[in-house]
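Here is coords.txt, consisting of compact mmCIF, C-alpha atoms (C1' of nucleotides):
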# COMPACT_ATOMS: atom_id res chain seq x y z
CA MET A 1 -47.78 81.23 145.58
CA ARG A 2 -51.17 81.73 144.06
CA THR A 3 -54.18 80.65 146.03
CA PRO A 4 -57.30 81.30 144.01
CA VAL A 5 -60.11 82.32 146.30
CA SER A 6 -62.75 81.76 143.70
CA LYS A 7 -63.09 78.08 142.97
CA PRO A 8 -63.87 77.08 139.43
CA ALA A 9 -67.39 75.75 139.05
CA VAL A 10 -66.30 72.84 136.91
CA ASN A 11 -62.83 71.69 136.17
CA HIS A 12 -62.93 71.41 132.42
CA THR A 13 -59.41 70.06 132.09
CA ALA A 14 -60.71 66.55 132.52
CA THR A 15 -59.05 65.60 129.24
CA HIS A 16 -55.86 63.83 130.01
CA VAL A 17 -52.82 64.88 128.00
CA ASP A 18 -50.62 62.04 126.86
CA ASP A 19 -46.98 62.83 127.56
CA SER A 20 -45.71 59.25 127.39
CA THR A 21 -43.30 60.09 124.58
CA LEU A 22 -41.62 62.70 126.72
CA ARG A 23 -41.73 60.43 129.76
CA GLU A 24 -39.45 58.01 127.98
CA ALA A 25 -36.58 60.36 128.60
CA LEU A 26 -34.78 60.53 131.90
CA GLY A 27 -33.95 64.15 131.15
CA TYR A 28 -37.62 65.03 131.06
CA HIS A 29 -38.15 63.61 134.51
CA MET A 30 -35.11 65.50 135.69
CA LYS A 31 -36.49 68.77 134.41
CA ARG A 32 -39.98 68.28 135.81
CA SER A 33 -38.85 67.20 139.24
CA PHE A 34 -36.12 69.78 139.50
CA ASN A 35 -38.51 72.57 138.64
CA HIS A 36 -40.58 71.68 141.67
CA VAL A 37 -37.54 71.25 143.88
CA GLN A 38 -36.25 74.63 142.81
CA ALA A 39 -39.57 76.32 143.52
CA ASP A 40 -39.69 74.64 146.89
CA LEU A 41 -36.16 75.58 147.78
CA THR A 42 -36.80 79.15 146.75
CA ARG A 43 -39.56 79.28 149.33
CA VAL A 44 -37.27 77.79 151.95
CA LEU A 45 -34.59 80.39 151.28
CA LYS A 46 -37.01 83.28 151.09
CA PRO A 47 -36.98 84.06 154.85
CA PHE A 48 -33.21 84.45 154.65
CA GLU A 49 -33.49 86.67 151.58
CA LEU A 50 -31.32 84.24 149.71
CA ARG A 51 -31.77 82.85 146.23
CA MET A 52 -30.33 79.56 145.12
CA LEU A 53 -27.28 81.21 143.62
CA THR A 54 -26.56 83.49 146.55
CA TYR A 55 -27.05 80.56 148.90
CA THR A 56 -24.68 78.40 146.88
CA ALA A 57 -22.07 81.14 146.81
CA LEU A 58 -22.38 81.77 150.55
CA VAL A 59 -21.96 78.09 151.33
CA LEU A 60 -18.93 77.69 149.11
CA ILE A 61 -17.26 80.83 150.45
CA THR A 62 -17.88 79.79 154.04
CA ASP A 63 -16.63 76.28 153.43
CA ASN A 64 -13.68 77.57 151.42
CA PRO A 65 -12.60 80.86 152.94
CA GLY A 66 -10.11 82.77 150.85
CA LEU A 67 -11.66 81.52 147.64
CA ARG A 68 -11.21 83.71 144.58
CA GLN A 69 -14.01 84.75 142.33
CA SER A 70 -12.75 82.85 139.33
CA GLN A 71 -12.49 79.68 141.39
CA LEU A 72 -15.96 80.20 142.75
CA ALA A 73 -17.37 80.79 139.29
CA ALA A 74 -15.76 77.58 138.09
CA ALA A 75 -17.11 75.67 141.09
CA MET A 76 -20.60 77.02 140.50
CA ASP A 77 -20.39 76.37 136.79
CA ILE A 78 -21.32 79.92 135.88
CA GLU A 79 -19.49 82.62 133.99
CA ARG A 80 -17.42 85.20 135.82
CA PRO A 81 -19.53 88.19 134.86
CA ASN A 82 -22.59 86.57 136.38
CA LEU A 83 -20.81 85.88 139.62
CA VAL A 84 -19.90 89.53 140.08
CA VAL A 85 -23.52 90.47 140.67
CA ILE A 86 -23.94 87.67 143.19
CA ILE A 87 -20.82 88.65 145.09
CA ASP A 88 -21.90 92.29 144.97
CA GLU A 89 -25.16 91.37 146.64
CA LEU A 90 -23.55 89.29 149.37
CA GLU A 91 -20.99 92.00 150.02
CA ARG A 92 -23.60 94.75 150.14
CA ARG A 93 -25.43 92.75 152.80
CA ASP A 94 -22.18 92.38 154.76
CA LEU A 95 -22.30 88.62 154.52
CA ILE A 96 -18.92 88.35 152.83
CA LEU A 97 -15.84 90.46 152.27
CA ARG A 98 -13.64 91.05 149.24
CA GLU A 99 -10.13 91.05 150.64
CA ARG A 100 -7.24 92.04 148.46
CA VAL A 101 -4.66 89.33 147.90
CA PRO A 102 -1.20 90.80 148.62
CA THR A 103 0.56 88.40 146.30
CA ASP A 104 -1.80 89.11 143.40
CA ARG A 105 -3.41 92.50 143.41
CA ARG A 106 -5.77 91.59 140.63
CA ALA A 107 -7.56 89.05 142.76
CA TYR A 108 -9.88 89.11 145.73
CA ALA A 109 -9.98 86.55 148.51
CA LEU A 110 -13.58 86.01 149.50
CA GLN A 111 -14.26 85.68 153.20
CA PRO A 112 -17.49 85.25 155.11
CA THR A 113 -18.27 87.77 157.82
CA LEU A 114 -19.68 86.78 161.18
CA ALA A 115 -23.13 87.62 159.91
CA GLY A 116 -22.43 85.53 156.86
CA ARG A 117 -21.42 82.53 158.91
CA GLN A 118 -24.49 82.89 161.07
CA LEU A 119 -26.81 83.15 158.11
CA TYR A 120 -25.02 80.15 156.62
CA GLU A 121 -25.82 78.11 159.72
CA HIS A 122 -29.46 79.05 159.80
CA ALA A 123 -30.04 78.65 156.09
CA LEU A 124 -28.21 75.35 155.99
CA LYS A 125 -30.39 74.05 158.78
CA ALA A 126 -33.52 75.00 156.87
CA VAL A 127 -32.20 73.49 153.66
CA ARG A 128 -31.34 70.25 155.43
CA ALA A 129 -34.81 70.09 156.90
CA HIS A 130 -36.26 70.65 153.46
CA GLU A 131 -34.02 67.99 152.02
CA ALA A 132 -35.11 65.52 154.70
CA GLN A 133 -38.71 66.21 153.85
CA LEU A 134 -37.98 65.90 150.16
CA THR A 135 -36.39 62.49 150.50
CA GLN A 136 -38.77 61.12 153.07
CA GLY A 137 -39.86 57.65 152.20
CA ILE A 138 -36.74 57.05 150.16
CA ASP A 139 -34.39 54.60 151.77
CA GLU A 140 -30.75 55.52 151.99
CA GLN A 141 -29.66 52.89 149.49
CA THR A 142 -32.04 54.17 146.85
CA ARG A 143 -31.06 57.75 147.53
CA ALA A 144 -27.40 56.88 147.12
CA THR A 145 -28.17 55.13 143.84
CA VAL A 146 -29.99 58.15 142.47
CA ILE A 147 -27.16 60.46 143.44
CA ALA A 148 -24.61 58.13 141.91
CA VAL A 149 -26.51 58.07 138.63
CA LEU A 150 -26.93 61.84 138.56
CA ARG A 151 -23.30 62.38 139.37
CA GLY A 152 -22.29 59.91 136.70
CA ILE A 153 -24.32 61.80 134.14
CA GLU A 154 -22.85 65.09 135.29
CA LYS A 155 -19.32 63.78 135.03
CA ARG A 156 -19.82 62.18 131.66
CA LEU A 157 -21.32 65.32 130.14
CA ALA A 158 -18.95 67.72 131.87
CA GLY A 159 -16.14 66.97 129.44
CA GLY A 160 -17.99 68.19 126.37
CA GLU A 161 -17.46 71.92 126.92
CA ALA A 162 -14.07 73.59 126.91
CA PRO A 163 -10.89 71.69 127.76
CA MET B 164 -27.64 62.93 160.05
CA ARG B 165 -24.60 62.68 157.86
CA THR B 166 -21.08 62.75 159.18
CA PRO B 167 -19.63 66.22 158.75
CA VAL B 168 -16.68 66.50 156.44
CA SER B 169 -13.66 68.41 157.67
CA LYS B 170 -12.91 71.47 155.58
CA PRO B 171 -9.60 73.14 154.98
CA ALA B 172 -9.07 76.29 157.03
CA VAL B 173 -7.66 78.18 154.09
CA ASN B 174 -7.74 77.35 150.44
CA HIS B 175 -4.46 78.03 148.76
CA THR B 176 -4.15 75.08 146.42
CA ALA B 177 -6.68 76.65 144.05
CA THR B 178 -7.40 73.32 142.48
CA HIS B 179 -10.03 71.82 144.72
CA VAL B 180 -13.09 73.62 145.94
CA ASP B 181 -14.91 71.77 148.67
CA ASP B 182 -18.59 71.52 147.80
CA SER B 183 -19.39 68.62 150.11
CA THR B 184 -21.99 70.64 151.99
CA LEU B 185 -23.91 71.24 148.80
CA ARG B 186 -23.37 67.67 147.68
CA GLU B 187 -25.39 66.48 150.66
CA ALA B 188 -28.50 67.62 148.88
CA LEU B 189 -30.17 65.57 146.21
CA GLY B 190 -31.49 68.79 144.69
CA TYR B 191 -27.96 70.02 144.10
CA HIS B 192 -27.12 66.91 142.13
CA MET B 193 -30.33 67.33 140.19
CA LYS B 194 -29.42 70.86 139.23
CA ARG B 195 -25.85 70.09 138.26
CA SER B 196 -26.67 67.06 136.17
CA PHE B 197 -29.70 68.61 134.56
CA ASN B 198 -27.72 71.65 133.51
CA HIS B 199 -25.43 69.40 131.50
CA VAL B 200 -28.29 67.36 130.11
CA GLN B 201 -30.03 70.52 129.02
CA ALA B 202 -26.94 71.88 127.32
CA ASP B 203 -26.45 68.55 125.60
CA LEU B 204 -30.04 68.34 124.47
CA THR B 205 -29.89 71.87 123.17
CA ARG B 206 -27.07 70.79 120.91
CA VAL B 207 -29.03 67.76 119.78
CA LEU B 208 -32.05 69.88 118.88
CA LYS B 209 -30.01 72.62 117.24
CA PRO B 210 -29.99 71.02 113.75
CA PHE B 211 -33.79 70.97 113.85
CA GLU B 212 -33.92 74.58 115.00
CA LEU B 213 -35.84 73.48 118.04
CA ARG B 214 -35.37 74.45 121.66
CA MET B 215 -36.43 72.30 124.55
CA LEU B 216 -39.74 74.11 124.89
CA THR B 217 -40.60 74.13 121.20
CA TYR B 218 -39.65 70.47 121.01
CA THR B 219 -41.82 69.63 124.00
CA ALA B 220 -44.75 71.53 122.54
CA LEU B 221 -44.36 69.88 119.15
CA VAL B 222 -44.28 66.43 120.70
CA LEU B 223 -47.33 67.04 122.85
CA ILE B 224 -49.32 68.54 119.99
CA THR B 225 -48.42 65.68 117.67
CA ASP B 226 -49.25 63.08 120.28
CA ASN B 227 -52.43 64.92 121.25
CA PRO B 228 -53.83 66.52 118.12
CA GLY B 229 -56.62 68.97 118.78
CA LEU B 230 -55.08 70.05 122.05
CA ARG B 231 -55.94 73.54 123.26
CA GLN B 232 -53.38 76.04 124.37
CA SER B 233 -54.51 76.12 127.96
CA GLN B 234 -54.30 72.35 128.17
CA LEU B 235 -50.87 72.41 126.62
CA ALA B 236 -49.68 75.07 129.02
CA ALA B 237 -50.92 73.01 131.94
CA ALA B 238 -49.23 69.90 130.57
CA MET B 239 -45.97 71.77 130.12
CA ASP B 240 -46.24 73.40 133.50
CA ILE B 241 -45.81 76.89 132.12
CA GLU B 242 -48.04 79.93 132.15
CA ARG B 243 -50.36 80.61 129.24
CA PRO B 244 -48.69 83.86 128.19
CA ASN B 245 -45.37 82.11 127.77
CA LEU B 246 -46.89 79.41 125.63
CA VAL B 247 -48.19 81.95 123.14
CA VAL B 248 -44.69 82.79 121.98
CA ILE B 249 -43.84 79.13 121.57
CA ILE B 250 -46.98 78.41 119.57
CA ASP B 251 -46.35 81.52 117.50
CA GLU B 252 -42.94 80.23 116.58
CA LEU B 253 -44.16 76.74 115.65
CA GLU B 254 -47.00 78.21 113.62
CA ARG B 255 -44.74 80.66 111.81
CA ARG B 256 -42.58 77.74 110.76
CA ASP B 257 -45.67 75.88 109.52
CA LEU B 258 -45.09 73.03 111.92
CA ILE B 259 -48.48 73.37 113.59
CA LEU B 260 -51.82 75.01 112.91
CA ARG B 261 -54.19 76.97 115.09
CA GLU B 262 -57.62 75.69 114.07
CA ARG B 263 -60.72 77.42 115.36
CA VAL B 264 -62.96 75.28 117.48
CA PRO B 265 -66.53 75.61 116.15
CA THR B 266 -68.12 74.84 119.49
CA ASP B 267 -65.99 77.39 121.33
CA ARG B 268 -64.78 80.27 119.27
CA ARG B 269 -62.46 81.49 121.99
CA ALA B 270 -60.29 78.40 121.74
CA TYR B 271 -57.85 77.00 119.23
CA ALA B 272 -57.32 73.33 118.48
CA LEU B 273 -53.64 72.79 117.86
CA GLN B 274 -52.77 70.44 115.03
CA PRO B 275 -49.42 69.37 113.61
CA THR B 276 -48.84 69.90 109.91
CA LEU B 277 -47.19 67.30 107.73
CA ALA B 278 -43.92 69.16 108.12
CA GLY B 279 -44.49 69.19 111.86
CA ARG B 280 -45.03 65.46 111.99
CA GLN B 281 -41.94 64.85 109.92
CA LEU B 282 -39.81 67.09 112.08
CA TYR B 283 -41.26 65.34 115.11
CA GLU B 284 -40.10 61.99 113.77
CA HIS B 285 -36.59 63.16 113.03
CA ALA B 286 -36.13 65.10 116.23
CA LEU B 287 -37.52 62.29 118.33
CA LYS B 288 -35.09 59.88 116.76
CA ALA B 289 -32.19 62.17 117.61
CA VAL B 290 -33.44 62.69 121.15
CA ARG B 291 -33.81 58.95 121.65
CA ALA B 292 -30.29 58.39 120.42
CA HIS B 293 -29.07 61.04 122.82
CA GLU B 294 -31.02 59.48 125.64
CA ALA B 295 -29.50 56.09 124.89
CA GLN B 296 -26.06 57.60 125.03
CA LEU B 297 -26.91 59.44 128.21
CA THR B 298 -28.03 56.32 130.02
CA GLN B 299 -25.39 54.00 128.66
CA GLY B 300 -23.87 51.88 131.37
CA ILE B 301 -26.98 52.25 133.51
CA ASP B 302 -28.93 49.05 133.77
CA GLU B 303 -32.65 49.18 133.19
CA GLN B 304 -33.52 48.42 136.79
CA THR B 305 -31.44 51.32 138.07
CA ARG B 306 -32.83 53.65 135.43
CA ALA B 307 -36.35 52.72 136.44
CA THR B 308 -35.51 53.36 140.07
CA VAL B 309 -34.15 56.82 139.31
CA ILE B 310 -37.20 57.71 137.27
CA ALA B 311 -39.50 56.43 140.01
CA VAL B 312 -37.75 58.58 142.59
CA LEU B 313 -37.83 61.67 140.41
CA ARG B 314 -41.45 61.15 139.59
CA GLY B 315 -42.24 60.63 143.24
CA ILE B 316 -40.58 63.92 144.10
CA GLU B 317 -42.42 65.65 141.27
CA LYS B 318 -45.76 64.30 142.41
CA ARG B 319 -45.21 65.10 146.04
CA LEU B 320 -44.18 68.67 145.37
CA ALA B 321 -46.74 69.23 142.63
CA GLY B 322 -49.64 69.38 145.04
CA GLY B 323 -47.96 71.45 147.70
CA GLU B 324 -51.17 72.37 149.46
CA ALA B 325 -53.56 70.01 151.13
CA PRO B 326 -55.47 67.72 148.80
C1' DC C 327 14.55 94.61 130.58
C1' DA C 328 10.82 95.74 127.28
C1' DG C 329 6.96 94.23 125.02
C1' DT C 330 3.40 91.08 124.60
C1' DA C 331 0.34 87.65 126.22
C1' DA C 332 -2.46 85.93 129.79
C1' DT C 333 -5.33 86.50 133.88
C1' DA C 334 -8.74 88.63 137.54
C1' DG C 335 -12.35 91.16 137.88
C1' DA C 336 -15.90 94.47 136.11
C1' DT C 337 -19.25 96.52 132.76
C1' DA C 338 -22.58 96.40 129.17
C1' DT C 339 -25.74 94.01 126.54
C1' DG C 340 -28.80 90.44 124.89
C1' DA C 341 -31.30 86.06 124.83
C1' DA C 342 -34.25 82.73 127.24
C1' DG C 343 -37.37 81.22 130.72
C1' DC C 344 -40.89 82.29 133.82
C1' DA C 345 -44.45 85.08 136.37
C1' DT C 346 -48.22 88.63 136.89
C1' DA C 347 -51.59 92.12 135.48
C1' DA C 348 -54.61 93.64 132.33
C1' DC C 349 -56.98 93.51 127.91
C1' DT C 350 -60.43 91.26 124.09
C1' DA C 351 -63.66 88.20 122.72
C1' DT C 352 -66.33 84.77 123.68
C1' DC C 353 -69.09 81.54 126.66
C1' DA C 354 -71.98 80.17 130.73
C1' DT C 355 -75.36 81.02 134.10
C1' DG C 356 -78.44 83.44 137.23
C1' DC D 357 -79.91 90.43 129.76
C1' DA D 358 -76.27 91.05 133.25
C1' DT D 359 -72.56 89.21 135.47
C1' DG D 360 -68.86 86.53 135.83
C1' DA D 361 -65.75 82.99 134.11
C1' DT D 362 -62.67 81.34 130.42
C1' DA D 363 -59.31 81.30 126.06
C1' DG D 364 -56.06 83.62 124.18
C1' DT D 365 -53.21 87.75 123.88
C1' DT D 366 -50.26 91.81 125.10
C1' DA D 367 -47.20 94.23 128.03
C1' DT D 368 -43.93 94.19 131.51
C1' DG D 369 -40.46 92.75 134.82
C1' DC D 370 -37.30 89.48 137.09
C1' DT D 371 -33.82 85.87 137.08
C1' DT D 372 -30.49 83.16 134.94
C1' DC D 373 -26.96 82.72 131.72
C1' DA D 374 -23.76 83.91 127.70
C1' DT D 375 -20.64 86.95 125.04
C1' DA D 376 -17.81 90.87 124.03
C1' DT D 377 -15.14 94.31 125.85
C1' DC D 378 -12.71 97.07 129.20
C1' DT D 379 -9.09 97.86 133.27
C1' DA D 380 -5.36 96.66 136.02
C1' DT D 381 -2.35 93.67 137.07
C1' DT D 382 0.80 89.56 136.42
C1' DA D 383 3.54 86.24 133.67
C1' DC D 384 6.16 85.11 129.90
C1' DT D 385 9.54 85.74 126.23
C1' DG D 386 12.81 87.50 123.04
Written as structure tokens, that's how I'd like the structure from this file.
Amino acid sequence: MRTPVSKPAVNHTATHVDDSTLREALGYHMKRSFNHVQADLTRVLKPFELRMLTYTALVLITDNPGLRQSQLAAAMDIERPNLVVIIDELERRDLILRERVPTDRRAYALQPTLAGRQLYEHALKAVRAHEAQLTQGIDEQTRATVIAVLRGIEKRLAGGEAP
Amino acid sequence: MRTPVSKPAVNHTATHVDDSTLREALGYHMKRSFNHVQADLTRVLKPFELRMLTYTALVLITDNPGLRQSQLAAAMDIERPNLVVIIDELERRDLILRERVPTDRRAYALQPTLAGRQLYEHALKAVRAHEAQLTQGIDEQTRATVIAVLRGIEKRLAGGEAP
DNA sequence: CAGTAATAGATATGAAGCATAACTATCATG
DNA sequence: CATGATAGTTATGCTTCATATCTATTACTG
């Protein structure tokens, strides 16, 4: 990131900004914390030349070989057109393959290549290490509670879109 | 280390995509749930013609009248250039004012207008109602725990470098 | 069985959000 | 005063995400 070499003589931002109104909302905390997590994870994935979306796609394809693009888009909660670019990138890097489905020639079955599976292993290891560092000092019970709450929110709000 | 979940060799059911590997990570849950919260909040703010960022700026300016743009950008964790557009929009709608600071003619003191304060009140009410709905069924103790964890993550990752 | 609807994927385009570099006008300090 | 730092702005580019539209297939229906 940015590491300013020249240090400011005096930090004039001594005035504290009151954000207590925003801090009332759980959603605000979610946004703030996730922004940092995302930035951090981006750094973790950088050595593998993966972004969060390409990483997510690679993991899902490797864990679900033969997946179709529409299924993957649904699983990733993104629109089909946006997935095309992601799949293009993974295919161009020979991490996955688009295999024609004999029974439905419109569709592609997505498969990881050997290189894809290897990158999956290495990236996953790094992500798990990052996750461990992220949740250090949080006991397992608390962590499970947080995940349960987040998942509950996700599930409750998931219905609101298109049936 | 978590117990690995067995994955299907081939996916042909097309109904269930296994995302258990991703679900290991707290950050994944944060992203998924926040995406829904954000979409929901966008709908809540729509009647006020506010987006999350314009809402956040309006709240902070109203709660901290006389705030300068650089302070606001720091508080919102965004870069100064991106704040300009947000302030432009709020000013164009006569919700806030850019007042020259006599002691420093480079800076602007941001002030809410009467219309801004009124919109603040109405929007805040709607956001609070949404928040109440979002956290329904979550007891206060659990909610506090989740917020504490999220804030802890935010604080830990905010510094990044050595203190 | 033909004709139409639905589906899988791709293309094009646009809106937000976010970051950096570079510009101006002021201010601070040697 | 000269130099550098700061406040705000402009320009630009990247990433994510949404919509409309196109094609080629497949499924459905009369």
Using all atoms listed in the file, what does the table of chain A residues within 8 Å of chain D look like, with each row giving the shortest atom pair and its distance in Å to one decimal, sorted by chain and ascending number, as CSV?
residue,atom,partner,partner_atom,distance
A:Ile78,CA,D:DC373,C1',7.5
A:Glu79,CA,D:DA374,C1',7.7
A:Asn82,CA,D:DC373,C1',7.5
A:Asp104,CA,D:DT382,C1',7.5
A:Arg105,CA,D:DT381,C1',6.5
A:Arg106,CA,D:DT381,C1',5.4
Handout entry: Interface list for chain C, partner chain B, 10 Å threshold, all atoms listed in the file, as a PyMOL selection string
Key = chain C and resi 343-346+351-353
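Superposing chain A on chain B by least squares over all C-alpha atoms, matched in sequence order, gives an RMSD of 7.7 Å.
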Handout entry: Residues of chain A within 7 Å of chain B, all atoms listed in the file counted, as JSON, numbers by chain
Key = {"A": [13, 17, 18, 19, 25, 26, 27, 29, 30, 31, 32, 33, 34, 36, 37, 60, 63, 64, 65, 66, 67, 75, 131, 134, 146, 147, 150, 151, 153, 154, 157, 158]}
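A straight line drawn from CA of Gly279 in chain B to CA of Leu253 in chain B is 8.5 Å long.
The coordinates place C1' of DT339 in chain C at 29.1 Å from CA of Lys46 in chain A.
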Completion exercise
re CA of Lys288 in chain B and CA of Gln274 in chain B: distance 20.7 Å
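You can rank B:Leu221, B:Ala236, B:Val264, B:Val247 by their closest distance to Leu282 in chain B using only C-alpha atoms, and at the top of that list sits B:Leu221.
Among the candidates B:Leu277, B:Tyr283, B:Arg231, B:Ile249, the one nearest to Arg263 in chain B when counting all atoms listed in the file is B:Arg231.
The point (-34.6, 86.4, 155.3) has these residues within 12 Å of it when only C-alpha atoms (C1' of nucleotides) are used: A:Thr42, A:Arg43, A:Val44, A:Leu45, A:Lys46, A:Pro47, A:Phe48, A:Glu49, A:Leu50, A:Arg51, A:Tyr55, A:Arg93, A:Leu119, A:Tyr120, A:His122, A:Ala123, A:Ala126.
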